file final-v1.cif (mmCIF, C-alpha atoms and all ligand atoms)
data_work
loop_
_atom_site.label_atom_id
_atom_site.label_comp_id
_atom_site.auth_asym_id
_atom_site.auth_seq_id
_atom_site.Cartn_x
_atom_site.Cartn_y
_atom_site.Cartn_z
CA MET K 1 98.68 105.38 90.30
CA ARG K 2 99.19 102.10 88.45
CA THR K 3 102.99 102.32 88.93
CA THR K 4 102.59 102.92 92.67
CA TRP K 5 100.29 99.89 92.96
CA SER K 6 102.56 97.48 91.14
CA TRP K 7 105.62 98.80 92.97
CA ARG K 8 103.98 98.35 96.36
CA TRP K 9 102.68 94.93 95.43
CA ALA K 10 106.11 93.75 94.23
CA LEU K 11 107.73 95.10 97.39
CA SER K 12 105.21 93.39 99.65
CA LEU K 13 105.76 90.07 97.84
CA VAL K 14 109.55 90.38 98.10
CA LEU K 15 109.38 91.28 101.78
CA GLY K 16 106.96 88.41 102.35
CA CYS K 17 109.34 85.93 100.70
CA LEU K 18 112.40 87.22 102.55
CA ALA K 19 110.71 87.24 105.89
CA GLY K 20 108.95 83.88 105.44
CA GLY K 21 107.52 82.62 108.73
CA ALA K 22 108.51 85.83 110.48
CA TRP K 23 105.34 87.32 108.99
CA ALA K 24 103.22 85.31 111.37
CA GLY K 25 102.13 88.28 113.46
CA ALA K 26 102.63 91.13 111.00
CA THR K 27 99.05 92.15 110.25
CA PHE K 28 97.70 91.18 113.66
CA ASP K 29 100.28 93.43 115.34
CA ALA K 30 99.82 96.23 112.81
CA VAL K 31 96.04 96.23 113.25
CA LYS K 32 96.40 96.20 117.02
CA ALA K 33 98.83 99.13 116.96
CA ARG K 34 96.65 101.10 114.53
CA GLY K 35 93.47 100.50 116.51
CA THR K 36 91.33 99.99 113.39
CA VAL K 37 90.61 97.10 111.04
CA ILE K 38 90.70 98.13 107.38
CA CYS K 39 88.42 95.96 105.27
CA GLY K 40 88.24 95.85 101.48
CA VAL K 41 84.53 95.73 100.68
CA HIS K 42 82.22 95.67 97.66
CA THR K 43 81.54 99.00 95.98
CA GLY K 44 77.84 98.57 96.68
CA SER K 45 75.83 95.38 96.97
CA PRO K 46 72.75 95.74 99.20
CA GLY K 47 72.61 93.04 101.86
CA PHE K 48 76.32 92.37 101.60
CA SER K 49 78.06 95.71 101.58
CA ALA K 50 76.48 99.09 100.88
CA PRO K 51 76.15 102.45 102.61
CA ASP K 52 72.61 103.20 103.87
CA GLY K 53 70.80 106.54 103.59
CA GLN K 54 72.96 107.98 106.39
CA GLY K 55 76.17 106.74 104.78
CA VAL K 56 76.57 103.92 107.33
CA TRP K 57 77.92 100.73 105.72
CA ARG K 58 75.60 97.74 106.17
CA GLY K 59 75.57 94.10 105.10
CA LEU K 60 76.73 90.57 105.82
CA ASP K 61 80.30 91.34 104.71
CA ILE K 62 80.29 94.57 106.70
CA ASP K 63 79.19 92.62 109.78
CA MET K 64 82.07 90.21 109.19
CA CYS K 65 84.50 93.13 109.34
CA ARG K 66 82.79 94.68 112.37
CA ALA K 67 82.90 91.31 114.14
CA VAL K 68 86.69 91.17 113.68
CA ALA K 69 86.95 94.65 115.20
CA ALA K 70 84.70 93.61 118.09
CA ALA K 71 86.96 90.61 118.80
CA MET K 72 90.15 92.61 118.42
CA PHE K 73 89.20 95.81 120.27
CA GLY K 74 85.94 95.02 122.05
CA ASP K 75 84.51 97.70 119.76
CA ALA K 76 82.80 96.90 116.47
CA THR K 77 83.06 100.51 115.31
CA LYS K 78 86.85 100.37 114.99
CA THR K 79 86.66 99.69 111.27
CA ARG K 80 87.41 101.43 108.02
CA PHE K 81 85.77 100.28 104.80
CA VAL K 82 87.60 100.62 101.50
CA PRO K 83 85.38 99.96 98.47
CA THR K 84 87.15 97.72 95.94
CA THR K 85 86.11 96.60 92.46
CA SER K 86 86.46 93.05 91.16
CA GLN K 87 89.71 94.03 89.48
CA GLN K 88 91.33 96.06 92.28
CA ARG K 89 90.50 93.87 95.27
CA PHE K 90 93.51 91.53 95.24
CA THR K 91 96.01 94.33 94.67
CA ALA K 92 94.45 96.23 97.56
CA LEU K 93 95.05 93.22 99.82
CA GLN K 94 98.52 92.37 98.52
CA SER K 95 99.76 95.94 98.72
CA GLY K 96 98.66 96.21 102.35
CA GLU K 97 96.05 98.90 101.63
CA VAL K 98 93.51 96.67 103.39
CA ASP K 99 93.99 94.07 106.15
CA VAL K 100 91.31 91.70 104.92
CA LEU K 101 88.85 91.42 102.05
CA THR K 102 85.30 90.94 103.26
CA ARG K 103 83.90 91.20 99.80
CA SER K 104 82.00 88.51 97.86
CA THR K 105 85.23 86.80 96.87
CA THR K 106 85.22 83.21 95.69
CA GLN K 107 87.86 80.91 97.07
CA THR K 108 89.68 79.10 94.27
CA LEU K 109 92.88 77.14 93.82
CA THR K 110 94.46 79.80 91.63
CA ARG K 111 93.74 82.65 93.99
CA ASP K 112 94.99 80.63 96.94
CA THR K 113 98.30 79.78 95.25
CA ALA K 114 99.29 82.14 92.43
CA LEU K 115 97.89 85.24 94.15
CA GLY K 116 99.43 84.36 97.52
CA LEU K 117 96.20 84.54 99.49
CA ASN K 118 94.64 82.63 102.34
CA PHE K 119 90.97 82.06 102.95
CA ALA K 120 89.56 82.36 106.43
CA GLY K 121 86.36 80.36 105.95
CA VAL K 122 83.11 80.74 104.01
CA ASN K 123 80.52 83.30 105.09
CA PHE K 124 78.22 82.75 102.10
CA TYR K 125 77.81 79.73 99.82
CA ASP K 126 76.84 81.13 96.45
CA GLY K 127 76.60 79.96 92.85
CA GLN K 128 76.73 81.74 89.52
CA ALA K 129 73.39 82.57 87.95
CA PHE K 130 71.83 84.54 85.08
CA ILE K 131 69.41 87.43 85.20
CA VAL K 132 67.13 87.89 82.18
CA LYS K 133 64.16 90.04 81.26
CA THR K 134 60.86 88.62 82.51
CA ARG K 135 59.27 89.12 79.10
CA GLN K 136 61.77 86.69 77.55
CA GLY K 137 59.80 83.99 79.35
CA LEU K 138 62.86 81.80 80.01
CA LYS K 139 62.74 78.99 82.56
CA SER K 140 66.32 77.68 82.39
CA ALA K 141 69.80 78.89 81.48
CA LYS K 142 69.99 76.19 78.83
CA GLU K 143 67.46 78.21 76.84
CA LEU K 144 70.09 80.92 76.43
CA ALA K 145 71.60 79.26 73.30
CA GLY K 146 72.93 81.96 70.97
CA ALA K 147 72.42 84.71 73.58
CA THR K 148 74.62 87.72 74.22
CA VAL K 149 75.71 87.52 77.86
CA CYS K 150 77.30 90.32 79.88
CA VAL K 151 79.87 89.46 82.53
CA GLN K 152 82.23 91.55 84.62
CA GLN K 153 85.99 91.40 84.06
CA GLY K 154 88.15 90.00 86.85
CA THR K 155 85.47 87.71 88.24
CA THR K 156 85.21 83.92 88.38
CA GLY K 157 82.13 84.46 86.21
CA GLU K 158 84.16 84.82 83.01
CA LEU K 159 85.50 81.25 83.00
CA ASN K 160 82.32 79.69 84.42
CA LEU K 161 80.31 81.32 81.65
CA ALA K 162 82.52 79.89 78.90
CA ASP K 163 82.58 76.46 80.60
CA PHE K 164 78.81 76.35 80.96
CA PHE K 165 78.05 77.04 77.30
CA ARG K 166 80.86 74.83 76.06
CA SER K 167 79.98 71.86 78.23
CA ASN K 168 76.36 72.12 77.11
CA GLY K 169 77.34 72.44 73.43
CA LEU K 170 75.69 75.87 73.17
CA THR K 171 76.93 79.00 71.45
CA PHE K 172 76.89 82.45 73.04
CA GLN K 173 78.35 85.90 72.64
CA PRO K 174 80.18 87.22 75.72
CA VAL K 175 80.35 90.94 76.44
CA VAL K 176 83.03 91.52 79.07
CA LEU K 177 82.64 94.80 80.93
CA GLU K 178 85.12 96.47 83.20
CA ARG K 179 82.66 98.02 85.64
CA ILE K 180 79.54 96.60 87.24
CA GLU K 181 77.59 99.77 86.35
CA ASP K 182 78.37 99.17 82.67
CA GLY K 183 77.12 95.59 82.95
CA ILE K 184 73.85 96.68 84.51
CA ALA K 185 73.40 99.47 81.95
CA ALA K 186 74.11 97.04 79.10
CA PHE K 187 71.53 94.61 80.47
CA VAL K 188 68.89 97.28 81.08
CA GLY K 189 69.56 98.88 77.67
CA GLY K 190 69.24 95.53 75.87
CA ARG K 191 72.84 95.25 74.70
CA CYS K 192 72.95 91.82 76.30
CA ASP K 193 70.16 89.26 76.67
CA ALA K 194 71.42 88.15 80.07
CA PHE K 195 73.80 89.30 82.77
CA THR K 196 75.71 86.69 84.75
CA ALA K 197 77.24 86.98 88.24
CA ASP K 198 76.94 85.37 91.68
CA GLY K 199 73.25 84.60 92.31
CA SER K 200 73.17 86.65 95.50
CA GLN K 201 74.63 89.67 93.70
CA LEU K 202 72.02 89.38 90.98
CA ALA K 203 69.26 89.25 93.60
CA ALA K 204 70.70 92.42 95.13
CA ILE K 205 71.12 94.14 91.77
CA ARG K 206 67.54 93.23 90.82
CA VAL K 207 66.01 95.01 93.83
CA SER K 208 68.44 97.91 94.02
CA SER K 209 69.71 98.83 90.57
CA LEU K 210 66.97 98.04 88.07
CA PRO K 211 64.33 100.65 87.28
CA ARG K 212 61.58 97.97 87.66
CA PRO K 213 62.68 94.78 89.49
CA GLU K 214 59.61 92.90 88.29
CA ASP K 215 60.87 93.26 84.71
CA ALA K 216 63.79 90.93 85.44
CA VAL K 217 64.12 87.45 86.87
CA VAL K 218 67.09 85.46 88.19
CA LEU K 219 66.99 82.02 86.54
CA PRO K 220 67.08 79.09 89.00
CA ASP K 221 70.23 77.43 87.56
CA ARG K 222 73.46 77.71 89.54
CA ILE K 223 76.26 76.95 87.11
CA SER K 224 79.18 76.99 89.56
CA LYS K 225 80.21 76.84 93.20
CA GLU K 226 81.07 80.28 94.59
CA PRO K 227 82.12 79.87 98.21
CA LEU K 228 82.56 83.47 99.37
CA GLY K 229 84.49 84.46 102.45
CA PRO K 230 87.11 86.67 104.05
CA VAL K 231 90.53 86.70 102.41
CA VAL K 232 93.89 87.52 104.00
CA ARG K 233 97.50 87.52 102.84
CA GLN K 234 99.36 84.22 102.80
CA GLY K 235 101.89 83.80 105.61
CA ASP K 236 99.87 85.96 107.98
CA ASP K 237 98.89 83.14 110.29
CA GLN K 238 97.85 84.87 113.50
CA TRP K 239 95.64 87.28 111.58
CA ASN K 240 94.17 84.44 109.55
CA ASP K 241 93.42 82.57 112.79
CA LEU K 242 91.62 85.54 114.29
CA VAL K 243 89.45 86.21 111.25
CA ARG K 244 88.66 82.49 110.87
CA TRP K 245 87.63 81.99 114.50
CA VAL K 246 85.55 85.16 114.51
CA LEU K 247 83.57 83.72 111.61
CA TYR K 248 83.28 80.39 113.39
CA ALA K 249 82.17 82.19 116.55
CA MET K 250 79.31 83.82 114.64
CA ILE K 251 78.23 80.42 113.30
CA GLU K 252 78.77 78.59 116.62
CA GLY K 253 76.91 81.34 118.47
CA GLU K 254 73.86 80.57 116.34
CA GLU K 255 74.23 76.84 116.96
CA LEU K 256 74.49 77.40 120.72
CA GLY K 257 71.41 79.63 120.62
CA ILE K 258 73.33 82.72 121.74
CA THR K 259 71.80 85.73 120.01
CA GLN K 260 72.37 89.46 120.10
CA ALA K 261 69.09 89.67 122.05
CA ASN K 262 69.87 87.05 124.73
CA VAL K 263 73.67 87.21 125.12
CA GLU K 264 73.48 88.99 128.51
CA GLU K 265 71.24 86.20 129.90
CA MET K 266 73.56 83.60 128.41
CA LEU K 267 76.43 84.89 130.54
CA LYS K 268 74.65 83.11 133.41
CA SER K 269 74.28 79.82 131.53
CA ALA K 270 75.49 76.63 133.24
CA ASN K 271 76.35 75.07 129.86
CA PRO K 272 80.16 74.64 129.83
CA ALA K 273 80.39 75.20 126.05
CA ILE K 274 78.56 78.54 126.44
CA GLN K 275 80.73 79.51 129.42
CA ARG K 276 83.90 78.90 127.41
CA PHE K 277 82.42 80.61 124.33
CA LEU K 278 81.54 83.77 126.22
CA GLY K 279 84.82 83.84 128.16
CA VAL K 280 83.13 83.22 131.53
CA VAL K 281 85.61 80.34 131.66
CA PRO K 282 88.79 81.80 130.15
CA GLY K 283 91.21 80.33 127.61
CA PHE K 284 90.13 81.02 124.04
CA GLY K 285 90.94 84.74 124.23
CA LYS K 286 94.48 84.10 125.40
CA ALA K 287 94.95 81.51 122.65
CA LEU K 288 93.91 84.02 119.98
CA GLY K 289 95.79 86.95 121.53
CA VAL K 290 92.65 88.96 122.33
CA ASP K 291 90.40 89.67 125.32
CA GLU K 292 88.56 86.69 126.85
CA ARG K 293 85.27 88.45 126.07
CA TRP K 294 86.03 88.47 122.30
CA ALA K 295 83.12 86.23 121.26
CA TYR K 296 80.78 87.96 123.71
CA ALA K 297 81.68 91.27 122.04
CA VAL K 298 81.04 89.80 118.58
CA ILE K 299 77.57 88.51 119.49
CA LYS K 300 76.61 91.54 121.60
CA GLN K 301 77.68 94.16 119.09
CA VAL K 302 77.19 92.40 115.74
CA GLY K 303 75.13 89.26 116.38
CA ASN K 304 75.46 85.60 115.50
CA TYR K 305 75.53 84.46 111.86
CA GLY K 306 71.75 83.99 111.74
CA ASP K 307 71.15 87.44 113.27
CA SER K 308 73.35 88.98 110.59
CA PHE K 309 71.85 86.92 107.75
CA GLU K 310 68.25 87.75 108.70
CA ARG K 311 68.93 91.45 109.19
CA ASN K 312 70.79 91.87 105.91
CA LEU K 313 69.56 89.22 103.51
CA GLY K 314 66.59 87.40 105.05
CA LYS K 315 62.87 87.59 104.43
CA GLY K 316 62.55 90.93 106.22
CA SER K 317 65.26 92.53 104.06
CA PRO K 318 64.85 93.91 100.53
CA VAL K 319 66.98 91.08 99.04
CA LYS K 320 64.81 88.31 100.60
CA LEU K 321 67.14 85.33 100.29
CA GLU K 322 66.41 81.86 101.66
CA ARG K 323 68.96 80.47 104.12
CA GLY K 324 69.37 77.40 101.84
CA LEU K 325 73.00 76.26 101.81
CA ASN K 326 73.78 79.03 104.28
CA ASP K 327 71.71 77.45 106.99
CA LEU K 328 73.41 75.62 109.85
CA TRP K 329 74.50 72.02 109.22
CA ILE K 330 72.06 70.86 111.91
CA ARG K 331 69.24 72.16 109.69
CA GLY K 332 70.61 70.75 106.43
CA GLY K 333 72.83 73.65 105.39
CA LEU K 334 76.60 73.93 105.05
CA MET K 335 77.37 76.34 107.89
CA TYR K 336 79.54 74.28 110.20
CA ALA K 337 81.97 75.89 112.64
CA LEU K 338 85.01 73.87 113.61
CA PRO K 339 84.82 73.09 117.32
CA LEU K 340 85.56 75.94 119.72
CA ARG K 341 87.36 73.75 122.14
N1 LIG W 401 82.50 85.85 93.51
C1 LIG W 401 83.05 86.24 92.25
C2 LIG W 401 82.43 87.55 91.75
C3 LIG W 401 82.56 88.68 92.71
C4 LIG W 401 82.47 90.03 92.00
O1 LIG W 401 83.48 90.76 91.99
N2 LIG W 401 81.31 90.32 91.39
C5 LIG W 401 81.15 91.52 90.61
C6 LIG W 401 79.83 91.45 89.88
S1 LIG W 401 78.42 91.61 90.94
C7 LIG W 401 81.28 92.74 91.49
O2 LIG W 401 81.33 92.62 92.68
N3 LIG W 401 81.35 93.94 90.93
C8 LIG W 401 81.38 95.16 91.67
C9 LIG W 401 82.53 96.06 91.31
O3 LIG W 401 83.48 95.62 90.65
O4 LIG W 401 82.49 97.25 91.72
C10 LIG W 401 84.55 86.41 92.35
O5 LIG W 401 85.10 86.32 93.44
O6 LIG W 401 85.18 86.61 91.29
#
call {"tool": "encode", "arguments": {"input": "final-v1.cif", "output": "structure tokens"}}
result
Amino acid sequence: MRTTWSWRWALSLVLGCLAGGAWAGATFDAVKARGTVICGVHTGSPGFSAPDGQGVWRGLDIDMCRAVAAAMFGDATKTRFVPTTSQQRFTALQSGEVDVLTRSTTQTLTRDTALGLNFAGVNFYDGQAFIVKTRQGLKSAKELAGATVCVQQGTTGELNLADFFRSNGLTFQPVVLERIEDGIAAFVGGRCDAFTADGSQLAAIRVSSLPRPEDAVVLPDRISKEPLGPVVRQGDDQWNDLVRWVLYAMIEGEELGITQANVEEMLKSANPAIQRFLGVVPGFGKALGVDERWAYAVIKQVGNYGDSFERNLGKGSPVKLERGLNDLWIRGGLMYALPLR
């Protein structure tokens, strides 16, 4: 299995180098011909990416994938979800097993360059946090001096953890685990005093994977910036453009007040920005290589960014996250779509 992976990865890199700019339409064309978007997703993180009781995948990252399918095919169901662990995810993308990662992946310089990836925008601004037992009575991560801290291998969390303790002149004992399940079990079983990961993931783990959520608390500190978003292969420009503008369309749809509930009404709007957005006045579809109703299909079938956030992560969901940084820029958040113009 391992040999096949590395062989396929090496081949894809060689082909990518040889072909150079000729790769511009490779994935876009392949996805179109196949009729399905294959997304690398999280193995199970409620609110972001997890199968429900009927085995239907749900979550913010799942919606991102469905939105790409809606734009590409006018049909949000034309998706296939491939669960990937922290370790496997980049190989899955590089080898061509998946077309895009929509999976709590932080955008960093090293991943952008050395791993040959491209980032198609941010669909969740996160930060690394710690979860501890409530009975420890901790108020801040700085009180974790001397603690044993569990962290998952292959995540940005490993380096952030070391940096945090070092820059604060504190000692700690890291326990690096290969699988998320092992990390949770180690935390629950008391092998580590704290478990560290993206704050949103910890909030999801707390409500979904702990025997008694009230026995654990996510500390308020955010020790890093974790801008999460869809990832594509470098040199795959047309595909990158599509994924990026689908994300922007979800954000812009919210800013324009176009929701899953009112999109039909909005087709009659006299606002020129809304007419262009929904393809009533054509142009954007042709530019992206898809149907003029691409953004209409995204909002109608998946919803705008706020629709998706509220459904999956908001106050009515089990994870109950605040919009915070993930609110629109016009309300003080960081969600800012480049102009659809
Ligand atoms: N955003 C960070 C962390 C993302 C991540 O992979 N988190 C872990 C810990 S919650 C995870 O998803 N584990 C699930 C798995 O490997 O199956 C990154 O990109 O490195």
call {"tool": "atom_distance", "arguments": {"input": "final-v1.cif", "atom1": "CA of Ser269 (chain K)", "atom2": "CA of Lys78 (chain K)"}}
result
29.2 Å
call {"tool": "closest_residue", "arguments": {"input": "final-v1.cif", "among": "K:Cys150, K:Leu117, K:Ala261, K:Val56", "to": "Asn240 (chain K)", "atoms": "all atoms listed in the file"}}
result
K:Leu117
call {"tool": "closest_residue", "arguments": {"input": "final-v1.cif", "among": "K:Asp193, K:Glu292, K:Asp75, K:Asp182", "to": "ligand LIG 401 (chain W)", "atoms": "only C-alpha atoms and all ligand atoms"}}
result
K:Asp182
call {"tool": "residues_near_point", "arguments": {"input": "final-v1.cif", "point": "(78.7, 78.3, 105.3)", "cutoff": "9 Å", "atoms": "only C-alpha atoms", "output": "list in words"}}
result
Gly121, Val122, Asn123, Phe124, Tyr125, Pro227, Leu228, Gly229, Ile251, Leu325, Asn326, Asp327, Leu328, Trp329, Gly333, Leu334, Met335, Tyr336 and Ala337 of chain K
call {"tool": "closest_residue", "arguments": {"input": "final-v1.cif", "among": "K:Phe195, K:Phe81, K:Phe277, K:Phe187", "to": "Gly44 (chain K)", "atoms": "all atoms listed in the file"}}
result
K:Phe81
call {"tool": "closest_residue", "arguments": {"input": "final-v1.cif", "among": "K:Ala194, K:Leu278, K:Ala114, K:Val319", "to": "Pro213 (chain K)", "atoms": "all atoms listed in the file"}}
result
K:Val319
call {"tool": "residues_near_ligand", "arguments": {"input": "final-v1.cif", "ligand": "ligand LIG 401 (chain W)", "cutoff": "6 Å", "atoms": "all atoms listed in the file", "output": "list in words"}}
result
His42, Thr43, Thr85, Ser86, Ser104, Thr105, Thr106, Gln152, Thr155, Thr156, Arg179, Ile180, Ala197, Asp198, Gln201 and Glu226 of chain K
call {"tool": "residues_around", "arguments": {"input": "final-v1.cif", "residues": "Glu322 (chain K)", "least_positions_apart": "4", "cutoff": "12 Å", "atoms": "all atoms listed in the file", "output": "PyMOL selection string"}}
result
chain K and resi 124-126+199-200+203+306+309-310+312-317+326-327+333
call {"tool": "closest_residue", "arguments": {"input": "final-v1.cif", "among": "K:Ala26, K:Ile184, K:Cys39, K:Val302", "to": "Ala76 (chain K)", "atoms": "only C-alpha atoms"}}
result
K:Val302
call {"tool": "atom_distance", "arguments": {"input": "final-v1.cif", "atom1": "CA of Ala50 (chain K)", "atom2": "CA of Thr196 (chain K)"}}
result
20.4 Å
call {"tool": "atom_distance", "arguments": {"input": "final-v1.cif", "atom1": "CA of Gln238 (chain K)", "atom2": "CA of Gly25 (chain K)"}}
result
5.5 Å
call {"tool": "residues_around", "arguments": {"input": "final-v1.cif", "residues": "Gln301 (chain K)", "least_positions_apart": "2", "cutoff": "8 Å", "atoms": "all atoms listed in the file", "output": "list in words"}}
result
Ala67, Ala70, Asp75, Ala76, Gln260, Ala297, Val298, Ile299 and Gly303 of chain K
call {"tool": "residues_around", "arguments": {"input": "final-v1.cif", "residues": "Ala216 (chain K)", "least_positions_apart": "6", "cutoff": "9 Å", "atoms": "all atoms listed in the file", "output": "ChimeraX atom specification"}}
result
/K:131-135,206,210
call {"tool": "closest_residue", "arguments": {"input": "final-v1.cif", "among": "K:Ala33, K:Leu247, K:Val281, K:Ala295", "to": "Asp63 (chain K)", "atoms": "all atoms listed in the file"}}
result
K:Leu247
call {"tool": "residues_around", "arguments": {"input": "final-v1.cif", "residues": "Met266 (chain K)", "least_positions_apart": "2", "cutoff": "12 Å", "atoms": "all atoms listed in the file", "output": "list of chain:residue names"}}
result
K:Gly253, K:Leu256, K:Gly257, K:Ile258, K:Thr259, K:Gln260, K:Ala261, K:Asn262, K:Val263, K:Glu264, K:Lys268, K:Ser269, K:Ala270, K:Asn271, K:Pro272, K:Ala273, K:Ile274, K:Gln275, K:Arg276, K:Phe277, K:Leu278, K:Gly279, K:Val280, K:Tyr296, K:Ile299, K:Lys300
call {"tool": "write_last_selection", "arguments": {"input": "final-v1.cif", "atoms": "C-alpha atoms", "output": "PDB file, keeping the file's coordinate frame"}}
result
ATOM      1  CA  GLY K 253      76.910  81.340 118.470  1.00  0.00           C
ATOM      2  CA  LEU K 256      74.490  77.400 120.720  1.00  0.00           C
ATOM      3  CA  GLY K 257      71.410  79.630 120.620  1.00  0.00           C
ATOM      4  CA  ILE K 258      73.330  82.720 121.740  1.00  0.00           C
ATOM      5  CA  THR K 259      71.800  85.730 120.010  1.00  0.00           C
ATOM      6  CA  GLN K 260      72.370  89.460 120.100  1.00  0.00           C
ATOM      7  CA  ALA K 261      69.090  89.670 122.050  1.00  0.00           C
ATOM      8  CA  ASN K 262      69.870  87.050 124.730  1.00  0.00           C
ATOM      9  CA  VAL K 263      73.670  87.210 125.120  1.00  0.00           C
ATOM     10  CA  GLU K 264      73.480  88.990 128.510  1.00  0.00           C
ATOM     11  CA  LYS K 268      74.650  83.110 133.410  1.00  0.00           C
ATOM     12  CA  SER K 269      74.280  79.820 131.530  1.00  0.00           C
ATOM     13  CA  ALA K 270      75.490  76.630 133.240  1.00  0.00           C
ATOM     14  CA  ASN K 271      76.350  75.070 129.860  1.00  0.00           C
ATOM     15  CA  PRO K 272      80.160  74.640 129.830  1.00  0.00           C
ATOM     16  CA  ALA K 273      80.390  75.200 126.050  1.00  0.00           C
ATOM     17  CA  ILE K 274      78.560  78.540 126.440  1.00  0.00           C
ATOM     18  CA  GLN K 275      80.730  79.510 129.420  1.00  0.00           C
ATOM     19  CA  ARG K 276      83.900  78.900 127.410  1.00  0.00           C
ATOM     20  CA  PHE K 277      82.420  80.610 124.330  1.00  0.00           C
ATOM     21  CA  LEU K 278      81.540  83.770 126.220  1.00  0.00           C
ATOM     22  CA  GLY K 279      84.820  83.840 128.160  1.00  0.00           C
ATOM     23  CA  VAL K 280      83.130  83.220 131.530  1.00  0.00           C
ATOM     24  CA  TYR K 296      80.780  87.960 123.710  1.00  0.00           C
ATOM     25  CA  ILE K 299      77.570  88.510 119.490  1.00  0.00           C
ATOM     26  CA  LYS K 300      76.610  91.540 121.600  1.00  0.00           C
TER      27      LYS K 300
END
call {"tool": "residues_around", "arguments": {"input": "final-v1.cif", "residues": "Arg80 (chain K)", "least_positions_apart": "2", "cutoff": "12 Å", "atoms": "only C-alpha atoms", "output": "PyMOL selection string"}}
result
chain K and resi 31+34-41+56-57+62+65-66+68-69+76-78+82-83+97-102
call {"tool": "build_atoms", "arguments": {"input": "final-v1.cif", "residues": "region 208-219 of chain K", "atoms": "N, CA, C and O atoms", "output": "mmCIF file, in the frame of the given file"}}
result
data_model
loop_
_atom_site.group_PDB
_atom_site.id
_atom_site.type_symbol
_atom_site.label_atom_id
_atom_site.label_comp_id
_atom_site.auth_asym_id
_atom_site.auth_seq_id
_atom_site.Cartn_x
_atom_site.Cartn_y
_atom_site.Cartn_z
ATOM 1 N N SER K 208 67.863 96.594 93.724
ATOM 2 C CA SER K 208 68.440 97.910 94.020
ATOM 3 C C SER K 208 68.835 98.717 92.789
ATOM 4 O O SER K 208 68.864 99.937 92.844
ATOM 5 N N SER K 209 69.136 98.077 91.687
ATOM 6 C CA SER K 209 69.710 98.830 90.570
ATOM 7 C C SER K 209 68.861 98.842 89.306
ATOM 8 O O SER K 209 69.204 99.515 88.346
ATOM 9 N N LEU K 210 67.787 98.057 89.285
ATOM 10 C CA LEU K 210 66.970 98.040 88.070
ATOM 11 C C LEU K 210 65.796 98.991 88.232
ATOM 12 O O LEU K 210 65.218 99.081 89.323
ATOM 13 N N PRO K 211 65.432 99.700 87.168
ATOM 14 C CA PRO K 211 64.330 100.650 87.280
ATOM 15 C C PRO K 211 63.036 99.949 87.759
ATOM 16 O O PRO K 211 62.297 100.493 88.564
ATOM 17 N N ARG K 212 62.773 98.722 87.246
ATOM 18 C CA ARG K 212 61.580 97.970 87.660
ATOM 19 C C ARG K 212 61.993 96.508 87.899
ATOM 20 O O ARG K 212 62.108 95.731 86.946
ATOM 21 N N PRO K 213 62.212 96.145 89.190
ATOM 22 C CA PRO K 213 62.680 94.780 89.490
ATOM 23 C C PRO K 213 61.810 93.698 88.875
ATOM 24 O O PRO K 213 62.306 92.657 88.442
ATOM 25 N N GLU K 214 60.510 93.949 88.799
ATOM 26 C CA GLU K 214 59.610 92.900 88.290
ATOM 27 C C GLU K 214 59.832 92.614 86.794
ATOM 28 O O GLU K 214 59.355 91.611 86.281
ATOM 29 N N ASP K 215 60.587 93.490 86.129
ATOM 30 C CA ASP K 215 60.870 93.260 84.710
ATOM 31 C C ASP K 215 62.002 92.272 84.491
ATOM 32 O O ASP K 215 62.332 91.935 83.349
ATOM 33 N N ALA K 216 62.651 91.854 85.590
ATOM 34 C CA ALA K 216 63.790 90.930 85.440
ATOM 35 C C ALA K 216 63.639 89.771 86.402
ATOM 36 O O ALA K 216 63.014 89.893 87.459
ATOM 37 N N VAL K 217 64.214 88.643 86.026
ATOM 38 C CA VAL K 217 64.120 87.450 86.870
ATOM 39 C C VAL K 217 65.487 86.746 86.887
ATOM 40 O O VAL K 217 66.172 86.706 85.868
ATOM 41 N N VAL K 218 65.845 86.237 88.079
ATOM 42 C CA VAL K 218 67.090 85.460 88.190
ATOM 43 C C VAL K 218 66.709 84.005 87.920
ATOM 44 O O VAL K 218 65.861 83.440 88.619
ATOM 45 N N LEU K 219 67.309 83.414 86.884
ATOM 46 C CA LEU K 219 66.990 82.020 86.540
ATOM 47 C C LEU K 219 67.454 81.082 87.660
ATOM 48 O O LEU K 219 68.435 81.378 88.349
#
